[in-house]
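Structure data follow from input-v8.cif (mmCIF, C-alpha atoms):
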```cif
data_target
loop_
_atom_site.label_atom_id
_atom_site.label_comp_id
_atom_site.auth_asym_id
_atom_site.auth_seq_id
_atom_site.Cartn_x
_atom_site.Cartn_y
_atom_site.Cartn_z
CA MET M 1 7.30 11.42 -11.35
CA ALA M 2 5.28 12.60 -14.34
CA LEU M 3 2.37 10.88 -16.02
CA LYS M 4 2.80 9.33 -19.45
CA THR M 5 0.18 9.33 -22.21
CA PHE M 6 0.21 7.76 -25.67
CA LYS M 7 -0.84 8.74 -29.16
CA PRO M 8 -4.29 7.29 -29.96
CA TYR M 9 -3.13 4.67 -32.46
CA THR M 10 -5.52 2.15 -30.85
CA LYS M 11 -8.66 2.42 -28.72
CA SER M 12 -6.71 1.32 -25.64
CA SER M 13 -3.77 3.68 -26.10
CA ARG M 14 -6.20 6.61 -26.43
CA GLY M 15 -7.27 6.27 -22.80
CA THR M 16 -4.12 4.86 -21.23
CA VAL M 17 -2.31 6.93 -18.58
CA VAL M 18 0.67 5.37 -16.79
CA ILE M 19 3.54 6.54 -14.59
CA ASP M 20 6.74 7.66 -16.32
CA LYS M 21 9.45 5.45 -14.79
CA SER M 22 12.37 6.81 -16.83
CA ASN M 23 14.13 8.10 -13.69
CA LEU M 24 14.03 4.74 -11.91
CA TRP M 25 16.67 2.00 -11.88
CA LYS M 26 16.42 0.04 -15.14
CA GLY M 27 18.35 -3.09 -14.13
CA ALA M 28 17.44 -6.16 -12.09
CA PRO M 29 16.81 -5.93 -8.32
CA TYR M 30 19.57 -6.63 -5.79
CA LYS M 31 19.48 -10.44 -5.83
CA PRO M 32 20.35 -11.22 -2.15
CA LEU M 33 17.26 -9.18 -1.13
CA THR M 34 14.84 -11.08 -3.37
CA LYS M 35 13.01 -14.39 -3.07
CA GLY M 36 10.56 -16.39 -5.17
CA GLN M 37 6.81 -16.28 -4.78
CA ASN M 38 4.13 -18.92 -5.04
CA PHE M 39 0.98 -17.79 -6.83
CA THR M 40 -2.12 -19.72 -5.74
CA GLY M 41 -4.61 -18.44 -8.30
CA GLY M 42 -6.94 -17.71 -5.38
CA ARG M 43 -7.18 -21.38 -4.40
CA ASN M 44 -6.70 -22.96 -0.98
CA ASN M 45 -5.01 -26.28 -0.13
CA ASN M 46 -8.14 -28.14 -1.26
CA GLY M 47 -7.97 -26.54 -4.69
CA ARG M 48 -11.12 -24.49 -4.08
CA ILE M 49 -11.33 -20.84 -5.02
CA THR M 50 -11.41 -18.76 -1.82
CA SER M 51 -10.30 -15.45 -3.38
CA ARG M 52 -12.21 -14.73 -6.56
CA HIS M 53 -10.99 -12.96 -9.70
CA SER M 54 -7.28 -13.66 -9.14
CA GLY M 55 -4.91 -15.76 -11.22
CA GLY M 56 -2.37 -15.53 -14.01
CA GLY M 57 -0.28 -12.39 -14.20
CA SER M 58 3.38 -11.70 -14.79
CA LYS M 59 5.92 -13.66 -12.79
CA HIS M 60 8.14 -11.58 -10.50
CA LYS M 61 10.39 -11.86 -7.46
CA TYR M 62 9.48 -10.53 -4.04
CA ARG M 63 11.73 -7.73 -2.74
CA ILE M 64 12.53 -8.05 0.97
CA VAL M 65 11.79 -4.59 2.40
CA ASP M 66 13.08 -3.52 5.83
CA PHE M 67 9.95 -2.19 7.58
CA PHE M 68 11.81 -2.37 10.92
CA ARG M 69 14.74 -0.08 9.96
CA LYS M 70 17.00 -2.48 11.86
CA LYS M 71 20.32 -0.66 11.38
CA LYS M 72 20.24 1.76 14.30
CA ASN M 73 22.35 4.94 14.43
CA MET M 74 24.26 4.03 11.27
CA ILE M 75 24.22 6.32 8.25
CA GLY M 76 23.17 4.76 4.96
CA VAL M 77 23.46 6.13 1.43
CA VAL M 78 20.74 5.78 -1.20
CA ASP M 79 22.18 3.71 -4.06
CA ARG M 80 19.15 3.84 -6.33
CA ILE M 81 15.36 4.15 -6.50
CA GLU M 82 13.56 1.08 -7.89
CA TYR M 83 10.12 0.02 -9.06
CA ASP M 84 8.59 -2.77 -6.97
CA PRO M 85 5.91 -4.93 -8.67
CA ASN M 86 4.60 -6.01 -5.25
CA ARG M 87 3.52 -2.55 -4.04
CA THR M 88 2.41 0.84 -5.32
CA ALA M 89 5.27 2.77 -3.67
CA TYR M 90 8.84 2.84 -4.95
CA ILE M 91 11.65 1.31 -2.90
CA ALA M 92 15.16 2.62 -2.25
CA LEU M 93 18.28 0.46 -2.00
CA ILE M 94 20.39 1.63 0.95
CA THR M 95 24.08 0.86 1.54
CA TYR M 96 25.25 1.31 5.15
CA LYS M 97 28.75 2.04 6.41
CA ASP M 98 29.38 -1.65 7.11
CA ASN M 99 28.52 -2.36 3.42
CA GLU M 100 25.26 -4.10 4.34
CA LYS M 101 22.37 -3.31 2.00
CA SER M 102 18.62 -3.14 2.55
CA TYR M 103 15.48 -1.97 0.81
CA ILE M 104 13.23 0.65 2.42
CA ILE M 105 9.97 2.31 1.37
CA CYS M 106 11.08 5.37 -0.60
CA PRO M 107 9.64 8.71 0.58
CA GLN M 108 8.75 11.41 -1.94
CA GLY M 109 11.77 13.64 -2.63
CA LEU M 110 14.47 11.15 -1.64
CA ASN M 111 17.15 10.95 -4.33
CA LYS M 112 20.20 8.89 -5.19
CA GLY M 113 23.16 9.90 -3.00
CA ASP M 114 21.04 11.16 -0.08
CA THR M 115 21.75 9.82 3.41
CA VAL M 116 19.26 8.25 5.84
CA GLU M 117 19.54 7.11 9.43
CA SER M 118 17.45 5.27 12.00
CA GLY M 119 17.49 5.28 15.80
CA LYS M 120 17.41 7.66 18.75
CA ASN M 121 18.53 11.29 18.60
CA VAL M 122 18.75 11.34 14.79
CA GLU M 123 18.04 14.45 12.75
CA ILE M 124 14.43 15.29 11.76
CA LYS M 125 15.09 14.79 8.06
CA LEU M 126 13.39 13.15 5.09
CA GLY M 127 13.86 9.38 5.19
CA ASN M 128 15.12 9.24 8.79
CA SER M 129 13.34 6.88 11.19
CA LEU M 130 12.93 7.62 14.88
CA GLU M 131 10.52 7.21 17.79
CA LEU M 132 7.27 9.18 17.72
CA LYS M 133 8.12 10.98 20.98
CA ASP M 134 11.16 12.55 19.24
CA ILE M 135 9.14 13.89 16.27
CA PRO M 136 7.57 17.38 16.51
CA PRO M 137 3.75 17.62 16.18
CA GLY M 138 2.43 18.47 12.71
CA THR M 139 5.04 16.35 10.92
CA SER M 140 3.98 14.07 8.06
CA ILE M 141 5.24 10.54 8.65
CA HIS M 142 4.86 7.06 7.12
CA ASN M 143 5.74 3.41 7.85
CA VAL M 144 4.42 3.81 11.40
CA GLU M 145 4.53 0.96 13.92
CA LEU M 146 1.39 -0.01 15.84
CA ILE M 147 3.34 -2.05 18.40
CA PRO M 148 6.93 -1.09 19.38
CA GLY M 149 9.45 -3.29 17.56
CA ASN M 150 6.80 -4.94 15.36
CA GLY M 151 7.69 -3.15 12.12
CA GLY M 152 5.91 -0.38 10.24
CA LYS M 153 2.25 -1.06 9.44
CA LEU M 154 0.55 2.28 8.76
CA ALA M 155 0.97 4.45 5.63
CA ARG M 156 3.04 2.26 3.32
CA SER M 157 1.20 2.68 0.00
CA ALA M 158 1.91 5.26 -2.71
CA GLY M 159 1.32 8.89 -1.70
CA SER M 160 0.09 8.03 1.81
CA SER M 161 1.11 9.63 5.08
CA VAL M 162 0.03 10.10 8.70
CA THR M 163 0.00 13.41 10.56
CA LEU M 164 1.34 13.49 14.10
CA SER M 165 -1.20 15.67 15.94
CA GLY M 166 0.21 15.66 19.47
CA TYR M 167 0.77 13.61 22.61
CA ASP M 168 -1.31 12.21 25.44
CA ASP M 169 0.78 10.78 28.31
CA ASP M 170 2.63 7.78 26.86
CA TYR M 171 0.76 7.89 23.57
CA ALA M 172 1.11 9.83 20.33
CA ILE M 173 -2.09 10.97 18.57
CA LEU M 174 -2.13 10.22 14.85
CA LYS M 175 -4.50 11.53 12.16
CA LEU M 176 -4.81 8.94 9.38
CA SER M 177 -5.70 9.72 5.78
CA SER M 178 -8.99 7.80 6.23
CA GLY M 179 -10.08 10.41 8.76
CA GLU M 180 -9.51 8.14 11.75
CA THR M 181 -7.74 9.58 14.79
CA ARG M 182 -6.04 7.05 17.05
CA LYS M 183 -3.43 6.68 19.79
CA VAL M 184 -0.17 4.78 19.29
CA SER M 185 2.59 4.20 21.83
CA SER M 186 5.09 7.07 21.66
CA THR M 187 7.98 4.55 21.58
CA CYS M 188 6.84 3.26 18.18
CA MET M 189 9.09 4.07 15.21
CA ALA M 190 8.04 6.14 12.20
CA THR M 191 9.78 7.55 9.12
CA ILE M 192 9.75 11.23 8.16
CA GLY M 193 8.04 12.18 4.90
CA VAL M 194 5.26 11.17 2.51
CA VAL M 195 5.46 7.89 0.56
CA SER M 196 6.67 8.22 -3.05
CA ASN M 197 4.66 7.86 -6.28
CA PRO M 198 1.66 10.10 -5.42
CA ASP M 199 0.48 9.96 -9.07
CA GLN M 200 -0.46 6.29 -8.65
CA LYS M 201 -4.09 7.34 -8.17
CA ASN M 202 -4.15 8.97 -11.64
CA ILE M 203 -3.31 5.79 -13.59
CA LYS M 204 -5.84 4.69 -16.22
CA ILE M 205 -5.50 1.02 -17.12
CA GLY M 206 -6.68 1.58 -20.71
CA LYS M 207 -7.42 -2.06 -21.57
CA ALA M 208 -8.50 -5.28 -19.89
CA GLY M 209 -5.24 -7.02 -20.81
CA ARG M 210 -3.23 -4.82 -18.48
CA ASN M 211 -5.29 -6.08 -15.55
CA ARG M 212 -4.55 -9.66 -16.65
CA TRP M 213 -0.82 -8.85 -16.49
CA ARG M 214 -1.42 -7.82 -12.87
CA GLY M 215 -3.10 -11.11 -12.00
CA LYS M 216 -6.69 -9.81 -12.02
CA ARG M 217 -9.22 -12.02 -13.82
CA PRO M 218 -12.56 -10.77 -15.20
CA GLN M 219 -15.57 -10.26 -12.97
CA THR M 220 -19.12 -11.22 -13.89
CA ARG M 221 -21.98 -9.01 -12.70
CA GLY M 222 -24.45 -10.67 -10.39
CA VAL M 223 -27.44 -9.41 -12.42
CA ALA M 224 -26.07 -11.29 -15.46
CA MET M 225 -26.19 -14.62 -13.58
CA ASN M 226 -28.93 -17.12 -12.84
CA PRO M 227 -30.71 -17.13 -9.47
CA VAL M 228 -28.82 -20.29 -8.46
CA ASP M 229 -25.52 -18.44 -8.83
CA HIS M 230 -26.22 -15.03 -7.26
CA PRO M 231 -28.97 -13.26 -5.26
CA HIS M 232 -29.18 -10.64 -8.06
CA GLY M 233 -29.63 -13.26 -10.76
CA GLY M 234 -32.70 -14.10 -12.85
CA GLY M 235 -35.73 -12.00 -13.72
CA GLU M 236 -37.28 -11.05 -17.05
CA GLY M 237 -35.17 -8.69 -19.13
CA LYS M 238 -32.65 -6.37 -17.48
CA THR M 239 -33.37 -6.23 -13.77
CA SER M 240 -31.37 -5.34 -10.69
CA GLY M 241 -32.59 -8.37 -8.79
CA GLY M 242 -35.30 -6.57 -6.84
CA ARG M 243 -33.26 -6.25 -3.66
CA SER M 244 -30.55 -4.07 -2.16
CA PRO M 245 -27.00 -4.85 -3.37
CA VAL M 246 -25.46 -7.88 -1.68
CA SER M 247 -22.49 -10.18 -2.12
CA PRO M 248 -22.91 -13.66 -3.68
CA TRP M 249 -23.42 -14.93 -0.10
CA GLY M 250 -26.09 -12.38 0.81
CA GLN M 251 -23.99 -9.91 2.82
CA SER M 252 -25.00 -6.27 2.35
CA ALA M 253 -22.78 -4.21 0.05
CA LYS M 254 -24.06 -0.86 1.39
CA GLY M 255 -21.68 -0.32 4.26
CA LEU M 256 -22.57 -3.09 6.70
CA LYS M 257 -20.00 -3.04 9.51
CA THR M 258 -18.14 -6.36 9.66
CA ARG M 259 -15.18 -5.35 11.83
CA LYS M 260 -14.95 -7.55 14.92
CA PRO M 261 -14.17 -5.91 18.30
CA LYS M 262 -10.44 -5.68 19.03
CA ARG M 263 -8.44 -4.83 22.10
CA SER M 264 -7.06 -1.80 20.28
CA ASP M 265 -10.56 -0.27 19.93
CA LYS M 266 -9.97 1.75 23.08
CA LEU M 267 -7.09 3.54 21.31
CA ILE M 268 -9.30 4.82 18.48
CA ILE M 269 -10.45 8.35 19.29
CA THR M 270 -12.63 9.01 16.21
CA ARG M 271 -13.63 6.50 13.55
CA ARG M 272 -12.80 6.88 9.89
CA LYS M 273 -15.10 8.90 7.65
CA LYS M 274 -18.24 7.14 6.51
CA ARG M 275 -18.32 5.95 2.91
CA ASN M 276 -20.75 7.79 0.60
CA LYS M 277 -23.58 5.49 -0.38
#
```
Starting from the coordinates I provided, produce the structure as structure tokens.
Amino acid sequence: MALKTFKPYTKSSRGTVVIDKSNLWKGAPYKPLTKGQNFTGGRNNNGRITSRHSGGGSKHKYRIVDFFRKKKNMIGVVDRIEYDPNRTAYIALITYKDNEKSYIICPQGLNKGDTVESGKNVEIKLGNSLELKDIPPGTSIHNVELIPGNGGKLARSAGSSVTLSGYDDDYAILKLSSGETRKVSSTCMATIGVVSNPDQKNIKIGKAGRNRWRGKRPQTRGVAMNPVDHPHGGGEGKTSGGRSPVSPWGQSAKGLKTRKPKRSDKLIITRRKKRNK
């Protein structure tokens, strides 16, 4: 998909860059595979804000995506490629031989009329889903399971993928885009290819209103607040608060590790790359 720019008739259109969706399905989603959503505005059951800066936004239905690829060893045909407001990647509507339909994460290069299949002993082809032990090393994959039969969890966002590096006994070794190398059971399922819409990272919002359409409310800088409201607040004139950057609750914003130990830690071979300070 190409990027789309606008003539600078306004200050916002001068800097706006969006994805050209002219090749996508222009109608409504397949209704049996949609359901309504409740938008909380970032509030919990007591009415208190627990997730800041969220609220408003355009109303839309949730598309039920098959991360499990449940139809095993049955060929499906791609009916159309659709935009999904709930994720950065595009989704593909698949019709199987028994006329059942499902949505899947659309890989880059998959087109209307192409066939896909899931299960054992299927062809190594774009959009096909099979166990990691049946995929040759060096292949780019997405929608990778962490636990067999638990549905794809890794590499589901636009332009993302995982590289299958090799095997170690009953495990497959995966190189993630974050730089992390980890082991996953070789009986886990994965889909061949890179996720669609790689130009997502090149979007320029252009104006604050577009973020409001997406349900993102404005943020206020801590240094613009009073001391009672934020650790960075107060001071004479413009000041950074006189301390290292922290959250409103005093937690360091300079890379403090907050990940709790997990049983899967033993499967991580190398940690992800450190963030630049």
Close residues, range 95-98 of chain M itself excluded, 8 Å, all atoms listed in the file, min 2 positions apart in chain, as a list of chain:residue names: M:Met74, M:Ile75, M:Gly76, M:Val77, M:Val78, M:Asp79, M:Leu93, M:Glu100, M:Lys101, M:Ser102
What is the distance, in Å and to one decimal place, between CA of Arg43 in chain M and CA of His232 in chain M?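 Atom-to-atom, CA of Arg43 in chain M to CA of His232 in chain M, that is 24.8 Å.
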My list of candidates is M:Gly222, M:Gly127, M:Asn197, M:Val65. Which is closest to Gly151 in chain M when distances are computed with all atoms listed in the file? M:Val65
Find the spatial neighbours of range 158-168 of chain M, counting only C-alpha atoms, within a cut-off of 7 Å - ignore same-chain residues fewer than 3 positions away - and output them as a short mmCIF file (atom, residue, chain, number, x, y, z; two decimals) with C-alpha atoms, in the coordinates of the input.
```
data_model
loop_
_atom_site.label_atom_id
_atom_site.label_comp_id
_atom_site.auth_asym_id
_atom_site.auth_seq_id
_atom_site.Cartn_x
_atom_site.Cartn_y
_atom_site.Cartn_z
CA THR M 88 2.41 0.84 -5.32
CA ALA M 89 5.27 2.77 -3.67
CA PRO M 137 3.75 17.62 16.18
CA GLY M 138 2.43 18.47 12.71
CA THR M 139 5.04 16.35 10.92
CA SER M 140 3.98 14.07 8.06
CA ILE M 141 5.24 10.54 8.65
CA HIS M 142 4.86 7.06 7.12
CA ALA M 155 0.97 4.45 5.63
CA TYR M 171 0.76 7.89 23.57
CA ALA M 172 1.11 9.83 20.33
CA ILE M 173 -2.09 10.97 18.57
CA LEU M 174 -2.13 10.22 14.85
CA LYS M 175 -4.50 11.53 12.16
CA LEU M 176 -4.81 8.94 9.38
CA SER M 177 -5.70 9.72 5.78
CA VAL M 194 5.26 11.17 2.51
CA VAL M 195 5.46 7.89 0.56
CA SER M 196 6.67 8.22 -3.05
CA ASN M 197 4.66 7.86 -6.28
CA PRO M 198 1.66 10.10 -5.42
CA GLN M 200 -0.46 6.29 -8.65
#
```
What are the centre and the three edge lengths of an axis-aligned box that wraps all atoms of range 52-64 of chain M in the file, given that 3 Å is added to every side, written as JSON and rounded to one decimal in Å?
```
{"center_x": 0.2, "center_y": -11.7, "center_z": -6.9, "size_x": 30.7, "size_y": 14.0, "size_z": 21.8}
```
Selected by the PyMOL selection byres ((chain M and resi 111-122) around 9) in the shown coordinates: which residues, as a VMD selection string? chain M and resid 69 to 81 92 94 108 to 110 123 to 131 134 189 191
Between CA of Thr220 in chain M and CA of His60 in chain M, what is the distance in Å, rounded to a tenth? 27.5 Å
As a CSV table (one decimal) with C-alpha atoms, in the coordinates of the input, please: the residues near Ser13 in chain M (cut-off 12 Å, all atoms listed in the file, same-chain neighbours under 6 positions excluded).
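Dumped everything to out_28.csv:
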```
chain,number,residue,atom,x,y,z
M,4,LYS,CA,2.8,9.3,-19.4
M,5,THR,CA,0.2,9.3,-22.2
M,6,PHE,CA,0.2,7.8,-25.7
M,7,LYS,CA,-0.8,8.7,-29.2
M,204,LYS,CA,-5.8,4.7,-16.2
M,205,ILE,CA,-5.5,1.0,-17.1
M,206,GLY,CA,-6.7,1.6,-20.7
M,207,LYS,CA,-7.4,-2.1,-21.6
M,208,ALA,CA,-8.5,-5.3,-19.9
M,210,ARG,CA,-3.2,-4.8,-18.5
```
Report the distance between CA of Val144 in chain M and CA of Arg156 in chain M in Å, rounded to one decimal place.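 Going from CA of Val144 in chain M over to CA of Arg156 in chain M, I get 8.3 Å.
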Every residue with an atom at most 7 Å from (5.8, -16.4, -11.5) (file coordinates; all atoms listed in the file) is what I'm after, so could you write them as a PDB file with C-alpha atoms, in the coordinates of the input?
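Saved result, result.pdb, follows:
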```pdb
ATOM      1  CA  GLN M  37       6.810 -16.280  -4.780  1.00  0.00           C
ATOM      2  CA  PHE M  39       0.980 -17.790  -6.830  1.00  0.00           C
ATOM      3  CA  SER M  58       3.380 -11.700 -14.790  1.00  0.00           C
ATOM      4  CA  LYS M  59       5.920 -13.660 -12.790  1.00  0.00           C
ATOM      5  CA  HIS M  60       8.140 -11.580 -10.500  1.00  0.00           C
TER       6      HIS M  60
END
```
